[in-house]
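As stored in run.json (JSON, C-alpha atoms):
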```json
[["chain", "number", "residue", "atom", "x", "y", "z"],
["Z", 12, "MET", "CA", 0.00, 0.00, 0.00],
["Z", 13, "THR", "CA", 1.47, 3.33, -1.09],
["Z", 14, "THR", "CA", 1.23, 6.44, 1.04],
["Z", 15, "GLN", "CA", 0.01, 9.53, -0.80],
["Z", 16, "LYS", "CA", 2.45, 12.39, -0.62],
["Z", 17, "THR", "CA", 0.93, 15.57, 0.81],
["Z", 18, "SER", "CA", 2.31, 18.88, -0.40],
["Z", 19, "ALA", "CA", 3.70, 21.40, 2.06],
["Z", 20, "ALA", "CA", 2.19, 24.87, 2.47],
["Z", 21, "LEU", "CA", 3.89, 27.74, 0.68],
["Z", 22, "PRO", "CA", 6.26, 29.74, 2.90],
["Z", 23, "ALA", "CA", 4.61, 32.67, 4.66],
["Z", 24, "SER", "CA", 7.74, 34.80, 5.09],
["Z", 25, "ILE", "CA", 11.21, 35.42, 3.67],
["Z", 26, "ASP", "CA", 12.70, 33.61, 6.68],
["Z", 27, "GLU", "CA", 10.58, 30.56, 5.85],
["Z", 28, "VAL", "CA", 11.85, 30.67, 2.24],
["Z", 29, "GLU", "CA", 15.44, 30.64, 3.50],
["Z", 30, "SER", "CA", 14.57, 27.74, 5.80],
["Z", 31, "LEU", "CA", 12.82, 25.91, 2.95],
["Z", 32, "LEU", "CA", 15.84, 26.24, 0.67],
["Z", 33, "GLY", "CA", 18.15, 25.30, 3.53],
["Z", 34, "ARG", "CA", 16.27, 22.03, 4.02],
["Z", 35, "GLY", "CA", 17.12, 21.27, 0.41],
["Z", 36, "ASP", "CA", 20.81, 22.10, 1.02],
["Z", 37, "TYR", "CA", 20.56, 25.27, -1.05],
["Z", 38, "VAL", "CA", 22.46, 28.22, 0.44],
["Z", 39, "ALA", "CA", 20.67, 31.39, -0.72],
["Z", 40, "ASP", "CA", 21.37, 35.01, 0.11],
["Z", 41, "ARG", "CA", 18.64, 37.28, 1.44],
["Z", 42, "SER", "CA", 17.91, 39.01, -1.88],
["Z", 43, "LEU", "CA", 17.23, 35.71, -3.67],
["Z", 44, "ALA", "CA", 15.01, 34.50, -0.83],
["Z", 45, "THR", "CA", 13.08, 37.78, -0.99],
["Z", 46, "THR", "CA", 12.51, 37.57, -4.76],
["Z", 47, "LEU", "CA", 11.46, 33.92, -4.51],
["Z", 48, "PHE", "CA", 9.06, 34.73, -1.67],
["Z", 49, "LEU", "CA", 7.45, 37.49, -3.76],
["Z", 50, "ALA", "CA", 7.15, 35.21, -6.80],
["Z", 51, "LEU", "CA", 5.38, 32.55, -4.71],
["Z", 52, "LYS", "CA", 3.17, 35.10, -2.94],
["Z", 53, "MET", "CA", 2.18, 36.95, -6.14],
["Z", 54, "GLY", "CA", 1.82, 33.82, -8.25],
["Z", 55, "ARG", "CA", 4.31, 35.13, -10.81],
["Z", 56, "PRO", "CA", 6.94, 33.18, -12.75],
["Z", 57, "LEU", "CA", 10.51, 33.67, -11.54],
["Z", 58, "PHE", "CA", 13.04, 34.40, -14.29],
["Z", 59, "LEU", "CA", 16.57, 33.44, -13.23],
["Z", 60, "GLU", "CA", 19.47, 34.60, -15.34],
["Z", 61, "GLY", "CA", 23.19, 33.98, -14.83],
["Z", 62, "GLU", "CA", 26.21, 32.00, -15.93],
["Z", 63, "ALA", "CA", 25.97, 28.24, -16.32],
["Z", 64, "GLY", "CA", 26.59, 26.28, -13.12],
["Z", 65, "VAL", "CA", 25.63, 28.94, -10.56],
["Z", 66, "GLY", "CA", 22.59, 27.05, -9.23],
["Z", 67, "LYS", "CA", 19.59, 28.35, -11.21],
["Z", 68, "THR", "CA", 18.12, 24.95, -12.09],
["Z", 69, "GLU", "CA", 18.75, 23.66, -8.58],
["Z", 70, "ILE", "CA", 16.28, 26.19, -7.16],
["Z", 71, "ALA", "CA", 13.39, 24.55, -9.01],
["Z", 72, "LYS", "CA", 14.51, 21.07, -7.94],
["Z", 73, "VAL", "CA", 14.78, 22.12, -4.30],
["Z", 74, "LEU", "CA", 11.34, 23.77, -4.38],
["Z", 75, "ALA", "CA", 9.75, 20.62, -5.79],
["Z", 76, "THR", "CA", 11.44, 18.46, -3.16],
["Z", 77, "THR", "CA", 10.79, 20.63, -0.11],
["Z", 78, "LEU", "CA", 7.23, 21.57, -1.10],
["Z", 79, "LYS", "CA", 6.56, 17.93, -2.09],
["Z", 80, "ARG", "CA", 5.32, 18.97, -5.51],
["Z", 81, "ARG", "CA", 5.75, 17.27, -8.85],
["Z", 82, "LEU", "CA", 8.62, 18.71, -10.93],
["Z", 83, "VAL", "CA", 7.78, 19.19, -14.61],
["Z", 84, "ARG", "CA", 10.91, 20.05, -16.58],
["Z", 85, "LEU", "CA", 11.02, 21.48, -20.09],
["Z", 86, "GLN", "CA", 14.63, 21.37, -21.27],
["Z", 87, "CYS", "CA", 14.92, 23.94, -24.05],
["Z", 88, "TYR", "CA", 17.05, 23.58, -27.17],
["Z", 89, "GLU", "CA", 17.36, 25.10, -30.62],
["Z", 90, "GLY", "CA", 14.41, 24.08, -32.79],
["Z", 91, "LEU", "CA", 12.11, 23.20, -29.87],
["Z", 92, "ASP", "CA", 8.56, 22.97, -31.25],
["Z", 93, "LEU", "CA", 5.04, 22.61, -29.88],
["Z", 94, "ALA", "CA", 5.02, 18.84, -30.44],
["Z", 95, "SER", "CA", 7.93, 18.48, -27.99],
["Z", 96, "ALA", "CA", 6.94, 21.24, -25.57],
["Z", 97, "VAL", "CA", 3.14, 21.25, -25.44],
["Z", 98, "TYR", "CA", 1.33, 18.30, -27.06],
["Z", 99, "GLU", "CA", 1.11, 16.07, -30.08],
["Z", 100, "TRP", "CA", -1.35, 13.52, -31.39],
["Z", 101, "ASN", "CA", -0.62, 9.81, -31.10],
["Z", 102, "TYR", "CA", -0.56, 9.18, -34.85],
["Z", 103, "PRO", "CA", 0.36, 5.46, -34.73],
["Z", 104, "ARG", "CA", -2.54, 4.77, -32.38],
["Z", 105, "GLN", "CA", -4.88, 6.87, -34.54],
["Z", 106, "MET", "CA", -3.89, 4.88, -37.64],
["Z", 107, "LEU", "CA", -4.46, 1.64, -35.77],
["Z", 108, "GLU", "CA", -7.92, 2.85, -34.71],
["Z", 109, "ILE", "CA", -8.78, 3.74, -38.32],
["Z", 110, "ARG", "CA", -7.73, 0.31, -39.59],
["Z", 111, "LEU", "CA", -9.72, -1.44, -36.85],
["Z", 112, "ALA", "CA", -12.78, 0.63, -37.74],
["Z", 113, "GLU", "CA", -12.35, -0.23, -41.43],
["Z", 114, "ALA", "CA", -11.91, -3.92, -40.66],
["Z", 115, "THR", "CA", -14.97, -4.16, -38.43],
["Z", 116, "GLY", "CA", -17.09, -1.65, -40.32],
["Z", 117, "GLU", "CA", -18.04, 0.06, -37.08],
["Z", 118, "GLY", "CA", -18.57, 3.80, -36.76],
["Z", 119, "ASP", "CA", -19.17, 6.47, -39.37],
["Z", 120, "LYS", "CA", -16.54, 8.92, -40.55],
["Z", 121, "GLY", "CA", -17.90, 11.81, -38.47],
["Z", 122, "SER", "CA", -17.87, 10.03, -35.14],
["Z", 123, "LEU", "CA", -14.55, 8.36, -35.93],
["Z", 124, "SER", "CA", -12.95, 11.73, -36.70],
["Z", 125, "HIS", "CA", -14.30, 13.14, -33.43],
["Z", 126, "ASP", "CA", -13.01, 10.15, -31.44],
["Z", 127, "LEU", "CA", -9.56, 10.26, -33.01],
["Z", 128, "PHE", "CA", -9.01, 13.83, -31.86],
["Z", 129, "SER", "CA", -10.09, 13.34, -28.27],
["Z", 130, "ALA", "CA", -8.02, 13.41, -25.09],
["Z", 131, "ASP", "CA", -7.50, 9.63, -25.37],
["Z", 132, "PHE", "CA", -5.17, 10.15, -28.33],
["Z", 133, "LEU", "CA", -3.40, 13.21, -26.95],
["Z", 134, "ILE", "CA", 0.24, 12.94, -25.83],
["Z", 135, "GLU", "CA", 0.86, 15.56, -23.17],
["Z", 136, "ARG", "CA", 4.23, 17.28, -23.15],
["Z", 137, "PRO", "CA", 5.69, 19.32, -20.23],
["Z", 138, "LEU", "CA", 3.76, 22.59, -20.66],
["Z", 139, "LEU", "CA", 0.40, 20.81, -20.90],
["Z", 140, "GLN", "CA", 1.31, 18.44, -18.07],
["Z", 141, "ALA", "CA", 2.02, 21.41, -15.79],
["Z", 142, "LEU", "CA", -1.51, 22.77, -16.28],
["Z", 143, "LYS", "CA", -3.32, 19.57, -15.33],
["Z", 144, "PRO", "CA", -4.78, 19.22, -11.80],
["Z", 145, "ASP", "CA", -2.67, 17.38, -9.24],
["Z", 146, "PRO", "CA", -3.83, 16.09, -5.84],
["Z", 147, "ASN", "CA", -0.54, 17.26, -4.31],
["Z", 148, "GLY", "CA", -1.00, 20.83, -5.50],
["Z", 149, "ALA", "CA", 0.22, 22.73, -8.51],
["Z", 150, "PRO", "CA", 3.53, 21.35, -9.80],
["Z", 151, "VAL", "CA", 6.82, 23.20, -10.17],
["Z", 152, "LEU", "CA", 7.31, 23.96, -13.88],
["Z", 153, "LEU", "CA", 10.97, 24.39, -14.81],
["Z", 154, "ILE", "CA", 11.57, 25.96, -18.22],
["Z", 155, "ASP", "CA", 15.31, 25.42, -18.39],
["Z", 156, "GLU", "CA", 17.72, 27.42, -20.60],
["Z", 157, "LEU", "CA", 15.05, 29.38, -22.45],
["Z", 158, "ASP", "CA", 17.76, 31.32, -24.29],
["Z", 159, "ARG", "CA", 18.46, 28.20, -26.39],
["Z", 160, "THR", "CA", 15.07, 28.43, -28.12],
["Z", 161, "ASP", "CA", 13.96, 30.93, -30.78],
["Z", 162, "GLU", "CA", 11.64, 33.95, -30.59],
["Z", 163, "PRO", "CA", 8.49, 32.22, -32.00],
["Z", 164, "PHE", "CA", 8.54, 29.81, -29.06],
["Z", 165, "GLU", "CA", 8.93, 32.75, -26.66],
["Z", 166, "ALA", "CA", 5.84, 34.31, -28.24],
["Z", 167, "TYR", "CA", 3.87, 31.12, -27.67],
["Z", 168, "LEU", "CA", 4.85, 31.13, -23.99],
["Z", 169, "LEU", "CA", 3.12, 34.49, -23.51],
["Z", 170, "GLU", "CA", -0.35, 32.87, -23.47],
["Z", 171, "VAL", "CA", 0.83, 30.17, -21.09],
["Z", 172, "LEU", "CA", 2.45, 32.59, -18.66],
["Z", 173, "SER", "CA", -0.31, 35.22, -18.87],
["Z", 174, "ASP", "CA", -3.39, 33.06, -18.31],
["Z", 175, "PHE", "CA", -1.89, 29.65, -17.57],
["Z", 176, "GLN", "CA", -3.90, 28.11, -20.33],
["Z", 177, "ILE", "CA", -3.26, 26.31, -23.62],
["Z", 178, "THR", "CA", -5.63, 26.20, -26.59],
["Z", 179, "ILE", "CA", -5.86, 22.92, -28.50],
["Z", 180, "PRO", "CA", -8.03, 23.50, -31.62],
["Z", 181, "GLU", "CA", -9.53, 19.99, -31.66],
["Z", 182, "VAL", "CA", -10.21, 19.81, -27.91],
["Z", 183, "GLY", "CA", -10.57, 23.37, -26.63],
["Z", 184, "THR", "CA", -8.82, 25.43, -23.98],
["Z", 185, "VAL", "CA", -7.05, 23.72, -21.10],
["Z", 186, "LYS", "CA", -6.76, 26.06, -18.12],
["Z", 187, "ALA", "CA", -4.87, 25.30, -14.93],
["Z", 188, "PRO", "CA", -7.20, 25.09, -11.90],
["Z", 189, "GLU", "CA", -4.20, 26.31, -9.88],
["Z", 190, "PRO", "CA", -1.25, 28.04, -11.60],
["Z", 191, "PRO", "CA", 2.00, 26.07, -11.43],
["Z", 192, "ILE", "CA", 5.09, 27.46, -9.71],
["Z", 193, "VAL", "CA", 7.12, 28.56, -12.73],
["Z", 194, "ILE", "CA", 10.91, 28.86, -12.74],
["Z", 195, "ILE", "CA", 12.54, 30.02, -15.99],
["Z", 196, "THR", "CA", 16.31, 29.95, -16.42],
["Z", 197, "SER", "CA", 18.61, 31.55, -18.97],
["Z", 198, "ASN", "CA", 22.39, 31.45, -19.42],
["Z", 199, "ARG", "CA", 22.08, 34.72, -21.38],
["Z", 200, "THR", "CA", 23.50, 33.41, -24.64],
["Z", 201, "ARG", "CA", 20.93, 35.78, -26.17],
["Z", 202, "GLU", "CA", 18.50, 38.36, -24.83],
["Z", 203, "ILE", "CA", 14.97, 37.26, -23.92],
["Z", 204, "HIS", "CA", 12.18, 39.53, -25.19],
["Z", 205, "ASP", "CA", 10.87, 42.18, -22.80],
["Z", 206, "ALA", "CA", 7.26, 41.01, -23.27],
["Z", 207, "LEU", "CA", 8.09, 37.71, -21.60],
["Z", 208, "LYS", "CA", 10.25, 39.25, -18.89],
["Z", 209, "ARG", "CA", 7.41, 41.60, -17.92],
["Z", 210, "ARG", "CA", 5.33, 38.60, -16.92],
["Z", 211, "CYS", "CA", 8.02, 37.44, -14.50],
["Z", 212, "LEU", "CA", 9.94, 38.57, -11.46],
["Z", 213, "TYR", "CA", 13.63, 38.79, -12.35],
["Z", 214, "TYR", "CA", 16.76, 37.77, -10.46],
["Z", 215, "TRP", "CA", 20.39, 37.63, -11.57],
["Z", 216, "VAL", "CA", 22.11, 34.62, -9.98],
["Z", 217, "ASP", "CA", 25.76, 35.62, -9.60],
["Z", 218, "TYR", "CA", 28.80, 33.66, -8.55],
["Z", 219, "PRO", "CA", 28.72, 33.32, -4.75],
["Z", 220, "SER", "CA", 31.03, 35.07, -2.33],
["Z", 221, "ALA", "CA", 33.80, 32.99, -0.76],
["Z", 222, "GLU", "CA", 31.82, 32.65, 2.49],
["Z", 223, "ARG", "CA", 28.69, 31.43, 0.73],
["Z", 224, "GLU", "CA", 30.61, 29.07, -1.55],
["Z", 225, "LEU", "CA", 32.30, 27.53, 1.47],
["Z", 226, "ALA", "CA", 28.90, 27.11, 3.12],
["Z", 227, "ILE", "CA", 27.68, 25.39, -0.05],
["Z", 228, "LEU", "CA", 30.60, 22.95, 0.04],
["Z", 229, "GLN", "CA", 29.97, 22.19, 3.69],
["Z", 230, "ARG", "CA", 26.42, 21.14, 2.77],
["Z", 231, "LYS", "CA", 27.15, 19.39, -0.53],
["Z", 232, "VAL", "CA", 30.45, 17.69, 0.38],
["Z", 233, "PRO", "CA", 30.31, 17.46, 4.19],
["Z", 234, "GLY", "CA", 33.06, 14.83, 4.36],
["Z", 235, "ALA", "CA", 35.72, 16.99, 2.70],
["Z", 236, "PRO", "CA", 38.56, 18.20, 4.97],
["Z", 237, "GLN", "CA", 38.02, 21.77, 6.13],
["Z", 238, "ARG", "CA", 41.43, 22.98, 4.96],
["Z", 239, "LEU", "CA", 40.89, 21.45, 1.52],
["Z", 240, "SER", "CA", 37.47, 23.09, 1.16],
["Z", 241, "ARG", "CA", 38.87, 26.50, 2.13],
["Z", 242, "GLU", "CA", 41.78, 26.19, -0.31],
["Z", 243, "ILE", "CA", 39.48, 25.07, -3.12],
["Z", 244, "VAL", "CA", 37.10, 28.01, -2.58],
["Z", 245, "ALA", "CA", 39.98, 30.50, -2.46],
["Z", 246, "PHE", "CA", 41.57, 28.97, -5.57],
["Z", 247, "VAL", "CA", 38.30, 29.08, -7.54],
["Z", 248, "GLN", "CA", 37.59, 32.64, -6.41],
["Z", 249, "HIS", "CA", 41.02, 33.70, -7.74],
["Z", 250, "LEU", "CA", 40.41, 31.71, -10.93],
["Z", 251, "ARG", "CA", 37.22, 33.67, -11.63],
["Z", 252, "GLU", "CA", 39.28, 36.87, -11.74],
["Z", 253, "THR", "CA", 41.36, 35.58, -14.68],
["Z", 254, "GLU", "CA", 40.57, 35.76, -18.40],
["Z", 255, "LEU", "CA", 39.09, 32.37, -19.25],
["Z", 256, "PHE", "CA", 36.68, 31.25, -21.96],
["Z", 257, "LYS", "CA", 34.41, 29.65, -19.34],
["Z", 258, "LEU", "CA", 34.76, 30.46, -15.67],
["Z", 259, "PRO", "CA", 34.02, 27.58, -13.28],
["Z", 260, "GLY", "CA", 30.61, 27.67, -11.66],
["Z", 261, "VAL", "CA", 29.52, 26.38, -8.28],
["Z", 262, "ALA", "CA", 28.71, 23.01, -9.84],
["Z", 263, "GLU", "CA", 32.36, 22.66, -10.91],
["Z", 264, "THR", "CA", 33.57, 23.69, -7.46],
["Z", 265, "ILE", "CA", 31.43, 20.94, -5.90],
["Z", 266, "ASP", "CA", 32.63, 18.36, -8.45],
["Z", 267, "TRP", "CA", 36.28, 19.29, -7.89],
["Z", 268, "THR", "CA", 35.90, 19.03, -4.12],
["Z", 269, "ARG", "CA", 34.31, 15.60, -4.44],
["Z", 270, "ALA", "CA", 37.04, 14.47, -6.84],
["Z", 271, "LEU", "CA", 39.84, 15.57, -4.51],
["Z", 272, "ALA", "CA", 38.06, 13.97, -1.54],
["Z", 273, "PHE", "CA", 37.94, 10.70, -3.52],
["Z", 274, "LEU", "CA", 41.71, 11.04, -3.97],
["Z", 275, "ASP", "CA", 42.07, 11.40, -0.17],
["Z", 276, "LYS", "CA", 43.58, 14.87, -0.46],
["Z", 277, "VAL", "CA", 43.63, 17.08, 2.60],
["Z", 278, "ALA", "CA", 45.17, 20.13, 0.87],
["Z", 279, "LEU", "CA", 45.94, 21.40, -2.63],
["Z", 280, "ASP", "CA", 49.30, 20.85, -4.28],
["Z", 281, "PRO", "CA", 50.52, 21.83, -7.79],
["Z", 282, "GLU", "CA", 50.64, 18.30, -9.18],
["Z", 283, "THR", "CA", 47.11, 17.42, -8.04],
["Z", 284, "ILE", "CA", 45.77, 20.67, -9.47],
["Z", 285, "ASP", "CA", 47.37, 20.00, -12.86],
["Z", 286, "ASN", "CA", 46.09, 16.41, -12.92],
["Z", 287, "THR", "CA", 42.49, 17.36, -12.05],
["Z", 288, "LEU", "CA", 41.95, 20.64, -13.91],
["Z", 289, "GLY", "CA", 39.61, 18.81, -16.29],
["Z", 290, "VAL", "CA", 37.10, 18.51, -13.46],
["Z", 291, "LEU", "CA", 37.13, 22.26, -12.88],
["Z", 292, "LEU", "CA", 37.62, 23.67, -16.40],
["Z", 293, "LYS", "CA", 35.80, 22.45, -19.50],
["Z", 294, "TYR", "CA", 37.82, 23.94, -22.37],
["Z", 295, "GLN", "CA", 41.29, 22.79, -23.43],
["Z", 296, "ASP", "CA", 42.52, 26.35, -24.02],
["Z", 297, "ASP", "CA", 41.60, 27.25, -20.43],
["Z", 298, "ILE", "CA", 43.30, 24.14, -19.07],
["Z", 299, "ALA", "CA", 46.45, 24.78, -21.10],
["Z", 300, "LYS", "CA", 46.55, 28.39, -19.92],
["Z", 301, "MET", "CA", 46.24, 27.54, -16.23],
["Z", 302, "LYS", "CA", 48.29, 24.36, -16.09],
["Z", 303, "GLY", "CA", 51.73, 24.60, -14.55],
["Z", 304, "SER", "CA", 53.08, 27.97, -13.46],
["Z", 305, "GLU", "CA", 49.75, 29.87, -13.56],
["Z", 306, "ALA", "CA", 47.97, 27.42, -11.27],
["Z", 307, "ALA", "CA", 51.02, 27.19, -9.00],
["Z", 308, "ALA", "CA", 51.13, 30.99, -8.67],
["Z", 309, "ILE", "CA", 47.45, 31.11, -7.66],
["Z", 310, "LEU", "CA", 48.03, 28.32, -5.14],
["Z", 311, "ARG", "CA", 50.97, 30.22, -3.59],
["Z", 312, "GLN", "CA", 48.79, 33.31, -3.27],
["Z", 313, "VAL", "CA", 46.01, 31.25, -1.66],
["Z", 314, "GLN", "CA", 48.42, 29.71, 0.83],
["Z", 315, "GLN", "CA", 49.92, 33.10, 1.68],
["Z", 316, "ASP", "CA", 46.47, 34.60, 2.23],
["Z", 317, "MET", "CA", 45.42, 31.69, 4.46],
["Z", 318, "ALA", "CA", 48.66, 31.90, 6.42],
["Z", 319, "ALA", "CA", 48.12, 35.61, 6.99],
["Z", 320, "LEU", "CA", 44.56, 35.01, 8.17],
["Z", 321, "GLY", "CA", 45.76, 32.22, 10.42],
["Z", 322, "ALA", "CA", 48.41, 34.47, 11.92]]
```
Translate this file's structure into structure tokens.
Amino acid sequence: MTTQKTSAALPASIDEVESLLGRGDYVADRSLATTLFLALKMGRPLFLEGEAGVGKTEIAKVLATTLKRRLVRLQCYEGLDLASAVYEWNYPRQMLEIRLAEATGEGDKGSLSHDLFSADFLIERPLLQALKPDPNGAPVLLIDELDRTDEPFEAYLLEVLSDFQITIPEVGTVKAPEPPIVIITSNRTREIHDALKRRCLYYWVDYPSAERELAILQRKVPGAPQRLSREIVAFVQHLRETELFKLPGVAETIDWTRALAFLDKVALDPETIDNTLGVLLKYQDDIAKMKGSEAAAILRQVQQDMAALGA
């Protein structure tokens, strides 16, 4: 016998939002918690913009987990169309139904046509799924990396985000009985149209401060040695001040810490850094630039700074 999951109530204050995110091991600053609280309170989509790997997608996942809501994820990509994002008809099943009707001689063309374009033959994609009623409350709809799509798809989203409804010509209008919690992310590879942004509350998710990044590591990799975590955070913070094609995000910091913990490292050393830069950096030109003397110089600076603080 399965136990039905009961959704949690929406947070009633900014402090409760911080607590909610904390239960999901997400370390948020006050401004993010405030914007998220307002988005939940006002029933508005939250548009999160920032570099890849800074934790935008994770916010939606944590909300779904801590609020005990279903997570509906639409992963955007170039060429995304309505058949992949909203709905499509089950054409193989429709053809099978037509052949069965022809073989048995049952049903006239009018009734058959009506039956073929009913909800029974409709394949629901993420946007339509997010508008359907759910006993656990409205789901969390994650529209991830919207900047990868094109402007026509943005224009289609306007109806969904304005009235939380989708019109299917053969069936009619499907309207959400309770609007979903919408989180939209963008890596800002292109600008999103103002008409869509106006329907959302906006927040720029920046790289975290050293203190917050260390707090993130303490939650995500609790078994890592304290000295190692501090050196990693300081090293990555210095790295983000250099000219690289792709700066490491928080996700890379977490991965690097886990990798070094697997290697039983308690502190950084030049050889280990050179051998594991592929965990932290994702482009060969960046790795080649930092490997050797550049990485060693940053490590020396980190060690000097930590020694000074210790003194």
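The spacing separating CA of Ala114 in chain Z from CA of Ile134 in chain Z amounts to 25.5 Å.
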Would you list the contacts of Leu228 in chain Z as an mmCIF file with C-alpha atoms, in the frame of the given file, taking every protein, DNA or RNA residue within 10 Å and counting only C-alpha atoms, but skipping same-chain residues closer than 4 positions in sequence?
```
data_model
loop_
_atom_site.group_PDB
_atom_site.id
_atom_site.type_symbol
_atom_site.label_atom_id
_atom_site.label_comp_id
_atom_site.auth_asym_id
_atom_site.auth_seq_id
_atom_site.Cartn_x
_atom_site.Cartn_y
_atom_site.Cartn_z
ATOM 1 C CA ASP Z 36 20.810 22.100 1.020
ATOM 2 C CA VAL Z 38 22.460 28.220 0.440
ATOM 3 C CA ARG Z 223 28.690 31.430 0.730
ATOM 4 C CA GLU Z 224 30.610 29.070 -1.550
ATOM 5 C CA VAL Z 232 30.450 17.690 0.380
ATOM 6 C CA PRO Z 233 30.310 17.460 4.190
ATOM 7 C CA GLY Z 234 33.060 14.830 4.360
ATOM 8 C CA ALA Z 235 35.720 16.990 2.700
ATOM 9 C CA GLN Z 237 38.020 21.770 6.130
ATOM 10 C CA SER Z 240 37.470 23.090 1.160
ATOM 11 C CA ARG Z 241 38.870 26.500 2.130
ATOM 12 C CA ILE Z 243 39.480 25.070 -3.120
ATOM 13 C CA VAL Z 244 37.100 28.010 -2.580
ATOM 14 C CA VAL Z 261 29.520 26.380 -8.280
ATOM 15 C CA THR Z 264 33.570 23.690 -7.460
ATOM 16 C CA ILE Z 265 31.430 20.940 -5.900
ATOM 17 C CA ASP Z 266 32.630 18.360 -8.450
ATOM 18 C CA THR Z 268 35.900 19.030 -4.120
ATOM 19 C CA ARG Z 269 34.310 15.600 -4.440
#
```
For this session: State, in Å with one decimal place, the distance from CA of Ala19 in chain Z to CA of Thr76 in chain Z.
Result: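 Computed distance, CA of Ala19 in chain Z to CA of Thr76 in chain Z, equals 9.8 Å.
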Exercise. Could you name the residues that touch Glu162 in chain Z at 12 Å or less, counting only C-alpha atoms, but leaving out those on the same chain fewer than 5 positions away, as a list in words?
Worked result: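 So the residues in contact are Glu89, Gly90, Leu91, Asp92, Leu157, Tyr167, Leu168, Leu169, Arg201, Glu202, Ile203, His204, Asp205, Ala206 and Leu207 of chain Z.
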Exercise. Between CA of Gly64 in chain Z and CA of Thr45 in chain Z, what is the distance, to one decimal in Å?
Worked result: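 About the pair CA of Gly64 in chain Z and CA of Thr45 in chain Z: they are 21.5 Å apart.
Considering the residues Z:Leu82, Z:Leu31, Z:Ile179, Z:Val65 and counting all atoms listed in the file, Asp217 in chain Z has its shortest atom-to-atom contact with Z:Val65.
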Exercise. Given the choices Z:Asp285, Z:Glu254, Z:Glu170, Z:Asp145, which gets closest to Glu189 in chain Z if the distance is worked out from only C-alpha atoms?
Worked result: Z:Asp145
For this session: Name the residues within 12 Å of (35.8, 35.3, 0.2), counting only C-alpha atoms in the file's coordinates, and put them as a count of residues only.
Result: 22
Which residues are near Gly66 in chain Z? Cut-off 8 Å, all atoms listed in the file, ignore same chain within fewer than 3 positions. Put them as a PDB file with C-alpha atoms, keeping the file's coordinate frame.
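Below is the file that was written, part_30.pdb:
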```pdb
ATOM      1  CA  ALA Z  63      25.970  28.240 -16.320  1.00  0.00           C
ATOM      2  CA  GLU Z  69      18.750  23.660  -8.580  1.00  0.00           C
ATOM      3  CA  ILE Z  70      16.280  26.190  -7.160  1.00  0.00           C
ATOM      4  CA  VAL Z 216      22.110  34.620  -9.980  1.00  0.00           C
ATOM      5  CA  VAL Z 261      29.520  26.380  -8.280  1.00  0.00           C
ATOM      6  CA  ALA Z 262      28.710  23.010  -9.840  1.00  0.00           C
TER       7      ALA Z 262
END
```
Exercise. In terms of the shortest atom-to-atom distance over only C-alpha atoms, which of Z:Lys79, Z:Lys67, Z:Leu138, Z:Ala187 is closest to Ala39 in chain Z?
Worked result: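 Residue with the minimum atom-to-atom distance to Ala39 in chain Z: Z:Lys67.
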Exercise. Neighbours of Thr253 in chain Z within 12 Å (all atoms listed in the file; same-chain residues fewer than 3 positions away dropped), as a ChimeraX atom specification?
Worked result: /Z:246-250,256-259,297,300-301,305-306,309
For this session: Return the single residue from Z:Val290, Z:Leu255, Z:Ala71, Z:Val151 that is closest to Leu271 in chain Z, with distances computed using only C-alpha atoms.
Result: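 Closest residue, counting only C-alpha atoms: Z:Val290.
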For this session: Find the residue from Z:Tyr102, Z:Tyr88, Z:Phe132, Z:Phe175 that sits nearest to Arg210 in chain Z; use all atoms listed in the file when measuring.
Result: Z:Phe175
For this session: Go through Z:Val97, Z:Val83, Z:Ile25, Z:Leu32 and flag the residue nearest Arg230 in chain Z, using all atoms listed in the file for the distances.
Result: Z:Leu32
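For the point (13.1, 32.4, -20.7) in file coordinates, the residues within 8 Å, using only C-alpha atoms, are Phe58, Ile154, Asp155, Glu156, Leu157, Asp158, Glu165, Ile195, Thr196, Ser197, Ile203, Leu207 and Lys208 of chain Z.
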Output file for the selection above: C-alpha atoms, as a PDB file, keeping the file's coordinate frame:
```pdb
ATOM      1  CA  PHE Z  58      13.040  34.400 -14.290  1.00  0.00           C
ATOM      2  CA  ILE Z 154      11.570  25.960 -18.220  1.00  0.00           C
ATOM      3  CA  ASP Z 155      15.310  25.420 -18.390  1.00  0.00           C
ATOM      4  CA  GLU Z 156      17.720  27.420 -20.600  1.00  0.00           C
ATOM      5  CA  LEU Z 157      15.050  29.380 -22.450  1.00  0.00           C
ATOM      6  CA  ASP Z 158      17.760  31.320 -24.290  1.00  0.00           C
ATOM      7  CA  GLU Z 165       8.930  32.750 -26.660  1.00  0.00           C
ATOM      8  CA  ILE Z 195      12.540  30.020 -15.990  1.00  0.00           C
ATOM      9  CA  THR Z 196      16.310  29.950 -16.420  1.00  0.00           C
ATOM     10  CA  SER Z 197      18.610  31.550 -18.970  1.00  0.00           C
ATOM     11  CA  ILE Z 203      14.970  37.260 -23.920  1.00  0.00           C
ATOM     12  CA  LEU Z 207       8.090  37.710 -21.600  1.00  0.00           C
ATOM     13  CA  LYS Z 208      10.250  39.250 -18.890  1.00  0.00           C
TER      14      LYS Z 208
END
```
Exercise. Which residues, written as a ChimeraX atom specification, have at least one atom at most 10 Å from Leu127 in chain Z, with all atoms listed in the file counted and residues fewer than 4 positions away on the same chain left out?
Worked result: /Z:100-102,104-106,108-109,122-123,131-133,181
Kindly list the centre and edge lengths in Å, rounded to one decimal, for the axis-aligned box that covers all listed atoms of range 259-275 of chain Z plus 3 Å on each of its six sides, as JSON.
```
{"center_x": 35.4, "center_y": 19.2, "center_z": -6.7, "size_x": 19.4, "size_y": 23.0, "size_z": 19.1}
```
